[in-house]
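Trainee: Next up, upload.txt (compact mmCIF, C-alpha atoms and all ligand atoms).
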```
# COMPACT_ATOMS: atom_id res chain seq x y z
CA MET Z 1 95.81 117.07 117.36
CA ARG Z 2 96.25 113.43 116.39
CA ILE Z 3 96.15 112.31 112.75
CA ARG Z 4 93.02 110.32 113.57
CA ASP Z 5 91.27 113.42 114.95
CA HIS Z 6 92.39 115.55 112.00
CA LEU Z 7 90.96 113.06 109.49
CA ALA Z 8 87.78 112.52 111.55
CA LYS Z 9 87.17 116.27 111.70
CA LYS Z 10 87.52 116.61 107.92
CA ARG Z 11 85.26 113.60 107.42
CA ARG Z 12 82.57 115.01 109.75
CA ILE Z 13 82.55 118.39 107.98
CA VAL Z 14 82.23 116.77 104.55
CA PHE Z 15 79.59 114.35 105.81
CA LEU Z 16 77.47 117.16 107.28
CA THR Z 17 77.86 119.21 104.10
CA ALA Z 18 76.75 116.22 102.04
CA PHE Z 19 73.76 115.73 104.33
CA VAL Z 20 72.72 119.39 104.00
CA CYS Z 21 73.07 119.16 100.20
CA TRP Z 22 70.98 116.01 100.22
CA LEU Z 23 68.28 117.75 102.27
CA VAL Z 24 68.29 120.82 100.00
CA PHE Z 25 68.09 118.51 97.00
CA GLY Z 26 65.00 116.82 98.42
CA ILE Z 27 63.31 120.05 99.53
CA ALA Z 28 64.01 121.76 96.21
CA GLY Z 29 62.60 118.73 94.47
CA PHE Z 30 59.34 118.99 96.36
CA MET Z 31 59.12 122.79 96.18
CA GLY Z 32 60.01 123.15 92.50
CA SER Z 33 56.94 123.73 90.39
CA PRO Z 34 57.08 121.78 87.13
CA SER Z 35 54.72 124.24 85.40
CA LYS Z 36 57.32 127.01 85.30
CA HIS Z 37 60.48 125.11 84.45
CA THR Z 38 61.13 122.04 82.48
CA GLY Z 39 63.72 119.76 83.97
CA MET Z 40 65.43 120.17 87.33
CA PRO Z 41 65.28 123.46 89.23
CA PRO Z 42 68.71 125.16 89.45
CA LEU Z 43 68.81 124.85 93.25
CA MET Z 44 68.28 121.12 92.89
CA LEU Z 45 71.14 120.86 90.41
CA LEU Z 46 73.39 122.90 92.70
CA ALA Z 47 72.57 120.67 95.67
CA PHE Z 48 73.15 117.56 93.59
CA ALA Z 49 76.52 118.86 92.41
CA GLY Z 50 77.46 119.69 96.02
CA PHE Z 51 76.45 116.24 97.21
CA MET Z 52 78.43 114.52 94.48
CA GLY Z 53 81.41 116.76 95.23
CA CYS Z 54 81.24 115.67 98.87
CA VAL Z 55 81.07 112.00 97.89
CA PHE Z 56 84.11 112.35 95.62
CA PHE Z 57 85.99 114.27 98.31
CA MET Z 58 85.26 111.53 100.83
CA LEU Z 59 86.57 108.90 98.43
CA PHE Z 60 89.56 110.71 96.96
CA GLY Z 61 90.27 113.84 99.04
CA LEU Z 62 90.99 112.40 102.48
CA ARG Z 63 94.72 111.83 102.41
CA CYS Z 64 97.38 110.78 104.87
CA PRO Z 65 99.09 113.94 106.14
CA ASN Z 66 102.42 112.10 106.15
CA CYS Z 67 102.58 110.45 102.72
CA LYS Z 68 99.62 112.15 100.96
CA ASN Z 69 98.22 108.83 99.75
CA ASN Z 70 94.47 108.35 99.45
CA LEU Z 71 92.90 107.04 102.67
CA GLY Z 72 89.32 107.53 101.49
CA TYR Z 73 88.31 103.91 101.19
CA ALA Z 74 90.06 102.82 104.39
CA ILE Z 75 88.56 105.64 106.46
CA GLN Z 76 84.99 104.87 105.40
CA TRP Z 77 85.05 101.74 107.57
CA PRO Z 78 81.47 101.58 108.89
CA THR Z 79 82.09 100.68 112.55
CA SER Z 80 82.60 104.28 113.58
CA PHE Z 81 80.15 106.92 112.41
CA TRP Z 82 81.70 110.16 113.68
CA GLY Z 83 85.30 109.14 113.96
CA ILE Z 84 87.91 106.94 112.38
CA SER Z 85 87.56 103.32 113.46
CA ASP Z 86 89.85 102.28 116.30
CA LYS Z 87 90.63 99.13 114.33
CA LEU Z 88 92.54 101.25 111.84
CA LYS Z 89 95.86 101.82 113.61
CA PHE Z 90 98.29 102.75 110.86
CA CYS Z 91 98.35 104.31 107.41
CA PRO Z 92 98.39 101.37 104.97
CA PHE Z 93 100.84 103.20 102.70
CA CYS Z 94 103.54 104.68 104.92
CA GLY Z 95 102.84 102.92 108.22
CA VAL Z 96 102.55 106.08 110.31
CA GLU Z 97 100.52 105.57 113.47
CA LEU Z 98 97.16 107.33 113.28
CA ASP Z 99 97.35 108.19 116.98
CA LYS Z 100 100.52 110.18 116.36
CA GLU Z 101 100.37 113.93 116.86
CA MET Z 102 100.26 116.01 113.67
CA LYS Z 103 103.11 118.23 114.85
CA ASP Z 104 105.42 115.21 115.22
CA LEU Z 105 105.22 114.36 111.53
CA ARG Z 106 108.35 114.78 109.52
CA THR Z 107 107.86 117.21 106.68
CA ARG Z 108 109.41 115.57 103.69
CA PRO Z 109 109.59 117.90 100.71
CA SER Z 110 109.19 115.24 98.00
CA SER Z 111 112.58 113.66 98.65
CA LEU Z 112 111.31 110.47 97.04
CA SER Z 113 111.68 111.80 93.51
CA GLU Z 114 115.37 111.44 92.95
CA THR Z 115 117.09 113.36 90.22
CA ARG Z 116 117.86 111.04 87.38
CA GLY Z 117 119.27 113.52 84.98
CA GLY Z 118 117.15 112.57 82.01
CA PRO Z 119 118.17 110.44 79.03
CA PRO Z 120 121.88 109.83 78.42
CA GLN Z 121 123.40 112.43 76.19
CA ALA Z 122 125.34 111.34 73.16
CA ASP Z 123 128.72 112.89 72.70
CA GLY Z 124 129.66 114.72 69.54
ZN ZN Y 1 100.63 107.61 105.01
```
Please lay out the structure from this file as structure tokens.
Mentor:
Amino acid sequence: MRIRDHLAKKRRIVFLTAFVCWLVFGIAGFMGSPSKHTGMPPLMLLAFAGFMGCVFFMLFGLRCPNCKNNLGYAIQWPTSFWGISDKLKFCPFCGVELDKEMKDLRTRPSSLSETRGGPPQADG
């Protein structure tokens, strides 16, 4: 599976979940009887929370599988509804090609954080 397909699949699932939450929110809003409860019905609140969770995941949860940086804003490019836009070729942070296979990625166990050894220790 290519990186592009992996991200598109995640995006589709979150988008459909957000759409279902939005529908439930609307239906619960129409079905909820204001005579019994004051304020929002609990199902409406739950659907709203789910929708907002999906929006935040789309903005901050879609990350490059190579460098783990946030691709949320870049992926939401509106030219492609179900997939990642073909105009987006590389990760803007690490430069990995989005058409690269997931299995070909190097697994780097946080080698970027070098050991500094802390503050210098004073002798005696
Ligand atoms: Zn990256």
Trainee: Measuring atom to atom with only C-alpha atoms, identify which of Z:Ala47, Z:Val20, Z:Leu62, Z:Leu105 is nearest to Ala74 (chain Z).
Mentor: Z:Leu62
Trainee: Which is closer to Cys21 (chain Z) than all the others in Z:Ile3, Z:Leu43, Z:Cys67, Z:Leu98, using all atoms listed in the file?
Mentor: Z:Leu43
Trainee: I'd like the interatomic distance between CA of Leu46 (chain Z) and CA of Leu7 (chain Z), to a tenth of an Å.
Mentor: 26.2 Å
Trainee: Rounded to one decimal place, report the CA of Pro92 (chain Z)-CA of Arg63 (chain Z) distance in Å.
Mentor: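 Taking CA of Pro92 (chain Z) and CA of Arg63 (chain Z), their separation equals 11.4 Å.
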Trainee: Quick one: everything within 8 Å of Ile84 (chain Z), counting only C-alpha atoms, minus sequence neighbours fewer than 3 positions away in the same chain. Send it as a list in words.
Mentor: Arg4, Asp5, Leu7, Ala8, Ile75, Gln76, Trp77, Ser80, Phe81 and Leu88 of chain Z
Trainee: How would the residues just picked look written out with C-alpha atoms as a short mmCIF file (atom, residue, chain, number, x, y, z; two decimals), in the frame of the given file?
Mentor:
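This is the output file part_25.cif:
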```
data_model
loop_
_atom_site.label_atom_id
_atom_site.label_comp_id
_atom_site.auth_asym_id
_atom_site.auth_seq_id
_atom_site.Cartn_x
_atom_site.Cartn_y
_atom_site.Cartn_z
CA ARG Z 4 93.02 110.32 113.57
CA ASP Z 5 91.27 113.42 114.95
CA LEU Z 7 90.96 113.06 109.49
CA ALA Z 8 87.78 112.52 111.55
CA ILE Z 75 88.56 105.64 106.46
CA GLN Z 76 84.99 104.87 105.40
CA TRP Z 77 85.05 101.74 107.57
CA SER Z 80 82.60 104.28 113.58
CA PHE Z 81 80.15 106.92 112.41
CA LEU Z 88 92.54 101.25 111.84
#
```
Trainee: What is the distance, in Å and to one decimal place, between CA of Glu101 (chain Z) and CA of Lys89 (chain Z)?
Mentor: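 So the answer is 13.3 Å.
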Trainee: Need the neighbours of (89.1, 111.3, 101.0): which residues are at most 10 Å away, counting all atoms listed in the file, as a VMD selection string?
Mentor: chain Z and resid 7 10 to 11 14 54 to 64 69 to 76
Trainee: So, counting all atoms listed in the file, which residue among Z:Val24, Z:Lys87, Z:Asn66, Z:Trp82 is closest to ligand ZN 1 (chain Y)?
Mentor: Z:Asn66
Trainee: So which one's closest to Met1 (chain Z), Z:Phe25, Z:Asp99, Z:Phe93, Z:Lys68? Using all atoms listed in the file, please.
Mentor: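 The closest residue to Met1 (chain Z) is Z:Asp99.
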Trainee: Restricting the calculation to only C-alpha atoms and all ligand atoms, which member of Z:Phe15, Z:Phe48, Z:Trp22, Z:Phe90 is positioned closest to ligand ZN 1 (chain Y)?
Mentor: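 Comparing Z:Phe15, Z:Phe48, Z:Trp22, Z:Phe90 against ligand ZN 1 (chain Y), the winner is Z:Phe90.
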Trainee: So which one's closest to ligand ZN 1 (chain Y), Z:Gly26, Z:Pro65, Z:Gly50, Z:Gly83? Using all atoms listed in the file, please.
Mentor: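 Among Z:Gly26, Z:Pro65, Z:Gly50, Z:Gly83, it is Z:Pro65 that comes nearest to ligand ZN 1 (chain Y).
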